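Q: To be precise about what I am sending: the file is called final-v2.pdb and holds PDB, C-alpha atoms.
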```pdb
ATOM      1  CA  MET A 284       0.000   0.000   0.000  1.00  0.00           C
ATOM      2  CA  ILE A 285       2.799   2.426   0.902  1.00  0.00           C
ATOM      3  CA  ARG A 286       4.714   1.686  -2.302  1.00  0.00           C
ATOM      4  CA  ARG A 287       1.612   2.264  -4.408  1.00  0.00           C
ATOM      5  CA  ARG A 288       1.069   5.629  -2.737  1.00  0.00           C
ATOM      6  CA  LEU A 289       4.691   6.597  -3.368  1.00  0.00           C
ATOM      7  CA  HIS A 290       4.304   5.699  -7.040  1.00  0.00           C
ATOM      8  CA  GLU A 291       1.165   7.814  -7.249  1.00  0.00           C
ATOM      9  CA  ASP A 292       2.976  10.722  -5.576  1.00  0.00           C
ATOM     10  CA  ALA A 293       5.920  10.346  -7.949  1.00  0.00           C
ATOM     11  CA  GLU A 294       3.657  10.363 -10.981  1.00  0.00           C
ATOM     12  CA  GLN A 295       1.909  13.517  -9.733  1.00  0.00           C
ATOM     13  CA  CYS A 296       5.283  15.216  -9.312  1.00  0.00           C
ATOM     14  CA  PHE A 297       6.352  14.179 -12.806  1.00  0.00           C
ATOM     15  CA  ARG A 298       3.079  15.471 -14.264  1.00  0.00           C
ATOM     16  CA  PHE A 299       3.591  18.778 -12.477  1.00  0.00           C
ATOM     17  CA  ALA A 300       7.162  18.950 -13.817  1.00  0.00           C
ATOM     18  CA  VAL A 301       5.939  18.287 -17.366  1.00  0.00           C
ATOM     19  CA  GLY A 302       3.436  21.138 -17.017  1.00  0.00           C
ATOM     20  CA  CYS A 303       6.025  23.546 -15.629  1.00  0.00           C
ATOM     21  CA  ALA A 304       8.599  22.648 -18.265  1.00  0.00           C
ATOM     22  CA  THR A 305       6.027  23.007 -21.037  1.00  0.00           C
ATOM     23  CA  GLU A 306       4.983  26.408 -19.693  1.00  0.00           C
ATOM     24  CA  ALA A 307       8.647  27.456 -19.575  1.00  0.00           C
ATOM     25  CA  ALA A 308       9.322  25.982 -23.037  1.00  0.00           C
ATOM     26  CA  ASP A 309      12.162  23.927 -21.546  1.00  0.00           C
ATOM     27  CA  TRP A 310      11.968  20.897 -23.822  1.00  0.00           C
ATOM     28  CA  SER A 311      14.892  19.144 -22.178  1.00  0.00           C
ATOM     29  CA  ILE A 312      13.316  19.191 -18.712  1.00  0.00           C
ATOM     30  CA  ARG A 313       9.948  18.258 -20.212  1.00  0.00           C
ATOM     31  CA  ALA A 314      11.556  15.228 -21.841  1.00  0.00           C
ATOM     32  CA  GLN A 315      13.333  14.343 -18.593  1.00  0.00           C
ATOM     33  CA  ALA A 316      10.054  14.407 -16.647  1.00  0.00           C
ATOM     34  CA  LEU A 317       8.266  12.339 -19.295  1.00  0.00           C
ATOM     35  CA  SER A 318      11.211   9.948 -19.190  1.00  0.00           C
ATOM     36  CA  GLY A 319      10.685   9.592 -15.457  1.00  0.00           C
ATOM     37  CA  MET A 320       7.023   8.833 -16.043  1.00  0.00           C
ATOM     38  CA  ALA A 321       7.935   6.217 -18.655  1.00  0.00           C
ATOM     39  CA  ASN A 322      10.462   4.656 -16.302  1.00  0.00           C
ATOM     40  CA  LEU A 323       7.940   4.568 -13.466  1.00  0.00           C
ATOM     41  CA  ALA A 324       5.324   2.966 -15.728  1.00  0.00           C
ATOM     42  CA  VAL A 325       7.773   0.238 -16.780  1.00  0.00           C
ATOM     43  CA  HIS A 326       8.455  -0.560 -13.121  1.00  0.00           C
ATOM     44  CA  GLN A 327       4.714  -0.763 -12.525  1.00  0.00           C
ATOM     45  CA  THR A 328       4.318  -3.148 -15.511  1.00  0.00           C
ATOM     46  CA  ARG A 329       2.266  -0.522 -17.366  1.00  0.00           C
ATOM     47  CA  ALA A 330       4.073  -0.970 -20.680  1.00  0.00           C
ATOM     48  CA  ASP A 331       1.459   0.824 -22.803  1.00  0.00           C
ATOM     49  CA  ASP A 332       1.591   3.881 -20.539  1.00  0.00           C
ATOM     50  CA  ALA A 333       5.384   3.763 -20.600  1.00  0.00           C
ATOM     51  CA  LEU A 334       5.282   3.752 -24.393  1.00  0.00           C
ATOM     52  CA  SER A 335       2.900   6.731 -24.460  1.00  0.00           C
ATOM     53  CA  PHE A 336       5.103   8.773 -22.118  1.00  0.00           C
ATOM     54  CA  ALA A 337       8.292   7.889 -24.022  1.00  0.00           C
ATOM     55  CA  GLU A 338       6.676   8.832 -27.324  1.00  0.00           C
ATOM     56  CA  MET A 339       5.487  12.146 -25.863  1.00  0.00           C
ATOM     57  CA  ALA A 340       9.077  12.864 -24.817  1.00  0.00           C
ATOM     58  CA  LEU A 341      10.177  12.344 -28.414  1.00  0.00           C
ATOM     59  CA  LEU A 342       7.522  14.612 -29.968  1.00  0.00           C
ATOM     60  CA  CYS A 343       9.931  17.549 -29.838  1.00  0.00           C
ATOM     61  CA  ALA A 344      13.120  15.531 -30.365  1.00  0.00           C
ATOM     62  CA  ASP A 345      14.456  18.163 -32.770  1.00  0.00           C
ATOM     63  CA  ARG A 346      14.563  20.584 -29.810  1.00  0.00           C
ATOM     64  CA  LEU A 347      16.624  18.205 -27.668  1.00  0.00           C
ATOM     65  CA  SER A 348      20.395  17.904 -27.514  1.00  0.00           C
ATOM     66  CA  PRO A 349      21.886  14.651 -28.842  1.00  0.00           C
ATOM     67  CA  MET A 350      22.548  13.243 -25.369  1.00  0.00           C
ATOM     68  CA  VAL A 351      18.984  13.944 -24.230  1.00  0.00           C
ATOM     69  CA  GLN A 352      17.726  12.394 -27.464  1.00  0.00           C
ATOM     70  CA  ALA A 353      19.829   9.309 -26.722  1.00  0.00           C
ATOM     71  CA  MET A 354      18.241   8.949 -23.298  1.00  0.00           C
ATOM     72  CA  MET A 355      14.735   9.448 -24.688  1.00  0.00           C
ATOM     73  CA  HIS A 356      15.272   6.876 -27.440  1.00  0.00           C
ATOM     74  CA  ASN A 357      16.434   4.431 -24.798  1.00  0.00           C
ATOM     75  CA  ARG A 358      13.331   5.088 -22.672  1.00  0.00           C
ATOM     76  CA  HIS A 359      11.309   4.419 -25.808  1.00  0.00           C
ATOM     77  CA  ALA A 360      13.264   1.199 -26.402  1.00  0.00           C
ATOM     78  CA  CYS A 361      12.713   0.148 -22.792  1.00  0.00           C
ATOM     79  CA  ALA A 362       8.949   0.623 -23.125  1.00  0.00           C
ATOM     80  CA  LEU A 363       8.935  -1.347 -26.381  1.00  0.00           C
ATOM     81  CA  GLY A 364      10.992  -4.092 -24.751  1.00  0.00           C
ATOM     82  CA  ALA A 365       8.506  -4.280 -21.891  1.00  0.00           C
ATOM     83  CA  ILE A 366       5.742  -4.937 -24.405  1.00  0.00           C
ATOM     84  CA  GLY A 367       7.680  -7.928 -25.683  1.00  0.00           C
ATOM     85  CA  GLN A 368       8.641  -9.708 -28.857  1.00  0.00           C
ATOM     86  CA  LYS A 369       5.823  -8.278 -30.957  1.00  0.00           C
ATOM     87  CA  ARG A 370       7.672  -4.914 -30.724  1.00  0.00           C
ATOM     88  CA  GLU A 371      11.211  -6.367 -30.929  1.00  0.00           C
ATOM     89  CA  ILE A 372      12.160  -4.813 -34.281  1.00  0.00           C
ATOM     90  CA  GLU A 373      11.028  -1.386 -33.080  1.00  0.00           C
ATOM     91  CA  CYS A 374      12.892  -1.848 -29.790  1.00  0.00           C
ATOM     92  CA  LEU A 375      16.132  -2.692 -31.595  1.00  0.00           C
ATOM     93  CA  ALA A 376      15.654   0.290 -33.921  1.00  0.00           C
ATOM     94  CA  ALA A 377      15.150   2.602 -30.921  1.00  0.00           C
ATOM     95  CA  VAL A 378      18.364   1.278 -29.334  1.00  0.00           C
ATOM     96  CA  GLY A 379      20.130   2.054 -32.617  1.00  0.00           C
ATOM     97  CA  ARG A 380      18.710   5.587 -32.654  1.00  0.00           C
ATOM     98  CA  ALA A 381      19.919   6.082 -29.086  1.00  0.00           C
ATOM     99  CA  GLU A 382      23.421   5.017 -30.038  1.00  0.00           C
ATOM    100  CA  ASP A 383      23.409   7.284 -33.103  1.00  0.00           C
ATOM    101  CA  ALA A 384      22.235  10.273 -31.051  1.00  0.00           C
ATOM    102  CA  PHE A 385      24.858   9.583 -28.384  1.00  0.00           C
ATOM    103  CA  ALA A 386      27.587   9.460 -31.034  1.00  0.00           C
ATOM    104  CA  ALA A 387      26.403  12.818 -32.416  1.00  0.00           C
ATOM    105  CA  SER A 388      26.883  14.650 -29.109  1.00  0.00           C
ATOM    106  CA  THR A 389      29.178  17.647 -29.307  1.00  0.00           C
ATOM    107  CA  GLY A 390      29.427  18.136 -25.557  1.00  0.00           C
ATOM    108  CA  ASP A 391      26.990  21.062 -25.537  1.00  0.00           C
ATOM    109  CA  GLU A 392      24.492  19.382 -23.243  1.00  0.00           C
ATOM    110  CA  PRO A 393      22.208  20.473 -20.413  1.00  0.00           C
ATOM    111  CA  GLU A 394      23.939  20.335 -17.049  1.00  0.00           C
ATOM    112  CA  TRP A 395      21.536  17.750 -15.645  1.00  0.00           C
ATOM    113  CA  ILE A 396      22.662  15.111 -18.149  1.00  0.00           C
ATOM    114  CA  THR A 397      26.425  15.460 -17.782  1.00  0.00           C
ATOM    115  CA  TYR A 398      26.530  12.113 -15.939  1.00  0.00           C
ATOM    116  CA  TYR A 399      25.265  10.297 -19.056  1.00  0.00           C
ATOM    117  CA  ASP A 400      28.328   8.567 -20.438  1.00  0.00           C
ATOM    118  CA  GLN A 401      29.042   5.451 -22.503  1.00  0.00           C
ATOM    119  CA  SER A 402      28.478   3.283 -19.441  1.00  0.00           C
ATOM    120  CA  GLN A 403      25.034   4.809 -18.874  1.00  0.00           C
ATOM    121  CA  LEU A 404      24.169   4.311 -22.541  1.00  0.00           C
ATOM    122  CA  GLU A 405      25.193   0.640 -22.320  1.00  0.00           C
ATOM    123  CA  ARG A 406      23.119   0.271 -19.147  1.00  0.00           C
ATOM    124  CA  ASP A 407      20.056   1.747 -20.817  1.00  0.00           C
ATOM    125  CA  ASP A 408      20.606  -0.336 -23.963  1.00  0.00           C
ATOM    126  CA  GLY A 409      20.927  -3.443 -21.817  1.00  0.00           C
ATOM    127  CA  ARG A 410      17.864  -2.553 -19.803  1.00  0.00           C
ATOM    128  CA  ALA A 411      15.767  -2.187 -22.950  1.00  0.00           C
ATOM    129  CA  LEU A 412      17.067  -5.485 -24.315  1.00  0.00           C
ATOM    130  CA  LEU A 413      16.468  -7.124 -20.930  1.00  0.00           C
ATOM    131  CA  GLY A 414      12.802  -6.251 -21.331  1.00  0.00           C
ATOM    132  CA  LEU A 415      12.793  -8.208 -24.568  1.00  0.00           C
ATOM    133  CA  ALA A 416      14.692 -11.093 -22.952  1.00  0.00           C
ATOM    134  CA  LEU A 417      12.241 -11.308 -20.061  1.00  0.00           C
ATOM    135  CA  ASN A 418       9.399 -11.405 -22.565  1.00  0.00           C
ATOM    136  CA  GLY A 419      10.723 -14.338 -24.585  1.00  0.00           C
ATOM    137  CA  GLY A 420      13.604 -12.801 -26.525  1.00  0.00           C
ATOM    138  CA  ALA A 421      17.275 -13.705 -26.535  1.00  0.00           C
ATOM    139  CA  CYS A 422      19.237 -12.565 -23.485  1.00  0.00           C
ATOM    140  CA  GLU A 423      22.822 -12.645 -24.794  1.00  0.00           C
ATOM    141  CA  GLU A 424      22.939  -9.074 -26.099  1.00  0.00           C
ATOM    142  CA  ALA A 425      21.244  -7.696 -22.984  1.00  0.00           C
ATOM    143  CA  GLU A 426      23.804  -9.508 -20.846  1.00  0.00           C
ATOM    144  CA  ARG A 427      26.709  -8.204 -22.969  1.00  0.00           C
ATOM    145  CA  ARG A 428      25.500  -4.601 -22.710  1.00  0.00           C
ATOM    146  CA  LEU A 429      24.887  -4.792 -18.976  1.00  0.00           C
ATOM    147  CA  ARG A 430      28.303  -6.361 -18.370  1.00  0.00           C
ATOM    148  CA  SER A 431      29.919  -3.656 -20.505  1.00  0.00           C
ATOM    149  CA  SER A 432      28.133  -1.015 -18.457  1.00  0.00           C
ATOM    150  CA  ILE A 433      29.413  -2.467 -15.216  1.00  0.00           C
ATOM    151  CA  GLN A 434      32.970  -2.741 -16.535  1.00  0.00           C
ATOM    152  CA  GLY A 435      32.907   0.843 -17.806  1.00  0.00           C
ATOM    153  CA  SER A 436      31.426   2.343 -14.653  1.00  0.00           C
ATOM    154  CA  PRO A 437      33.353   4.433 -12.160  1.00  0.00           C
ATOM    155  CA  PRO A 438      34.267   2.390  -9.062  1.00  0.00           C
ATOM    156  CA  ALA A 439      31.653   4.072  -6.846  1.00  0.00           C
ATOM    157  CA  THR A 440      28.765   2.923  -9.013  1.00  0.00           C
ATOM    158  CA  THR A 441      30.271  -0.389 -10.059  1.00  0.00           C
ATOM    159  CA  GLU A 442      29.654  -2.151  -6.741  1.00  0.00           C
ATOM    160  CA  ALA A 443      26.017  -1.080  -6.689  1.00  0.00           C
ATOM    161  CA  ARG A 444      25.560  -2.396 -10.226  1.00  0.00           C
ATOM    162  CA  ARG A 445      27.349  -5.637  -9.385  1.00  0.00           C
ATOM    163  CA  SER A 446      24.906  -6.255  -6.572  1.00  0.00           C
ATOM    164  CA  LEU A 447      22.060  -5.663  -9.025  1.00  0.00           C
ATOM    165  CA  TRP A 448      23.743  -7.981 -11.548  1.00  0.00           C
ATOM    166  CA  ARG A 449      23.715 -10.791  -8.971  1.00  0.00           C
ATOM    167  CA  THR A 450      19.922 -10.807  -9.275  1.00  0.00           C
ATOM    168  CA  TRP A 451      20.138 -11.612 -13.028  1.00  0.00           C
ATOM    169  CA  PRO A 452      18.322 -14.907 -13.666  1.00  0.00           C
ATOM    170  CA  ARG A 453      20.645 -17.619 -14.898  1.00  0.00           C
TER
END
```
Could you quickly redo this structure as structure tokens?

A:
Amino acid sequence: MIRRRLHEDAEQCFRFAVGCATEAADWSIRAQALSGMANLAVHQTRADDALSFAEMALLCADRLSPMVQAMMHNRHACALGAIGQKREIECLAAVGRAEDAFAASTGDEPEWITYYDQSQLERDDGRALLGLALNGGACEEAERRLRSSIQGSPPATTEARRSLWRTWPR
């Protein structure tokens, strides 16, 4: 009951942030808030809602920096992966778009996304592919991406990710 209430509170906060960012014409923050809503929906097994939020974040993709675009494409891929194999081709295409956007970054990015490095990209790629794997797809590529993310992470975050990795079904 408590967790459900916290999820409801989080979604209300994200909705408020989307409204504020839209009012301020801050497309990057709007996308970030919609990304949070998509992420929350995936965790709540609301894949269709996650897909809607991720697609809303991409409506103004031309106004987003390459790094923000990369993150939004990965949120889109994650939502598609959560739907399962019937959206596999689209999920893989979204992962490819995320990688292309990441490669196009010139370093002129919003301050809030400066943490988003190659390791984070690999993590998000792996997470999207894990959704496919858990819904009947192959798990090898998800495992490779997640391992690469852990190996490329700074030491402070590596141990936390290793503990998460130990929960990977084998």

Q: I'd like the interatomic distance between atom CA of Ala365 of chain A and atom CA of Val325 of chain A, to a tenth of an Å.

A: 6.9 Å

Q: For segment 371-382 of chain A, find every residue with an atom within 7 Å (counting only C-alpha atoms), except residues of its own chain fewer than 6 positions away, and show them as a PyMOL selection string.

A: chain A and resi 352-354+356-357+359-360+363-364+408+415

Q: Show me, as a list in words, the residues that have an atom within 10 Å of Gly390 of chain A when counting all atoms listed in the file, minus same-chain residues fewer than 2 positions from it.

A: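 Contacts, in chain order: Ser348, Pro349, Met350, Ala387, Ser388, Glu392, Pro393 and Thr397 of chain A.
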
Q: Output the residue selection produced by the PyMOL selection byres ((chain A and resi 400) around 10) on the file above, formatted as a PDB file with C-alpha atoms, in the frame of the given file.

A:
```
ATOM      1  CA  MET A 350      22.548  13.243 -25.369  1.00  0.00           C
ATOM      2  CA  PHE A 385      24.858   9.583 -28.384  1.00  0.00           C
ATOM      3  CA  ILE A 396      22.662  15.111 -18.149  1.00  0.00           C
ATOM      4  CA  THR A 397      26.425  15.460 -17.782  1.00  0.00           C
ATOM      5  CA  TYR A 398      26.530  12.113 -15.939  1.00  0.00           C
ATOM      6  CA  TYR A 399      25.265  10.297 -19.056  1.00  0.00           C
ATOM      7  CA  GLN A 401      29.042   5.451 -22.503  1.00  0.00           C
ATOM      8  CA  SER A 402      28.478   3.283 -19.441  1.00  0.00           C
ATOM      9  CA  GLN A 403      25.034   4.809 -18.874  1.00  0.00           C
ATOM     10  CA  LEU A 404      24.169   4.311 -22.541  1.00  0.00           C
ATOM     11  CA  GLU A 405      25.193   0.640 -22.320  1.00  0.00           C
ATOM     12  CA  ARG A 406      23.119   0.271 -19.147  1.00  0.00           C
ATOM     13  CA  SER A 432      28.133  -1.015 -18.457  1.00  0.00           C
ATOM     14  CA  GLY A 435      32.907   0.843 -17.806  1.00  0.00           C
ATOM     15  CA  SER A 436      31.426   2.343 -14.653  1.00  0.00           C
TER      16      SER A 436
END
```

Q: Work out how far apart atom CA of Ala300 of chain A and atom CA of Met320 of chain A are and give it in Å to one decimal.

A: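 Rounded to one decimal, the two atoms are 10.4 Å apart.
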
Q: What is the distance between atom CA of His290 of chain A and atom CA of Leu413 of chain A, in Å to one decimal?

A: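 Between these atoms lies a distance of 22.5 Å.
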
Q: Using all atoms listed in the file, which of A:Asp391, A:Asp345, A:Asp383, A:Asp292 sits nearest Trp310 of chain A?

A: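 Once distances to Trp310 of chain A are computed over all atoms listed in the file, the minimum belongs to A:Asp345.
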
Q: With only C-alpha atoms as the counted atoms, please give the residues lying no more than 6 Å from Ala425 of chain A, apart from itself and same-chain residues fewer than 2 positions off, as a list in words.

A: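 Listed by chain and then number, they are Gly409, Leu412, Leu413, Cys422, Glu423, Arg427 and Arg428 of chain A.
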
Q: So, with only C-alpha atoms as the atoms that count, which of A:Arg430, A:Arg288, A:Arg298, A:Arg410 lies closest to Ala314 of chain A?

A: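 When distances to Ala314 of chain A are compared using only C-alpha atoms, the smallest one comes from A:Arg298.
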
Q: Please provide the set of residues having any atom within 7 Å of Met355 of chain A, restricted to all atoms listed in the file, with same-chain residues fewer than 6 positions apart removed, written as number ranges by chain.

A: A: 318, 337, 340-341

Q: Would you please work out which residue, of A:Glu426, A:Glu338, A:Arg329, A:Asn418, is nearest to Leu317 of chain A when using all atoms listed in the file?

A: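 Of A:Glu426, A:Glu338, A:Arg329, A:Asn418, the one nearest Leu317 of chain A is A:Glu338, counting all atoms listed in the file.
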
Q: The centre and edge lengths of an axis-aligned box containing all atoms of segment 314-329 of chain A present in the file, extended by 6 Å on each side, are to be given in Å to one decimal, as JSON.

A:
```
{"center_x": 7.8, "center_y": 6.0, "center_z": -17.2, "size_x": 23.1, "size_y": 30.4, "size_z": 21.3}
```

Q: Find, counting all atoms listed in the file, the residue in A:Ala324, A:Gln315, A:Arg370, A:Ala421 that gets nearest to Trp395 of chain A.

A: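 Result for the nearest residue to Trp395 of chain A: A:Gln315.
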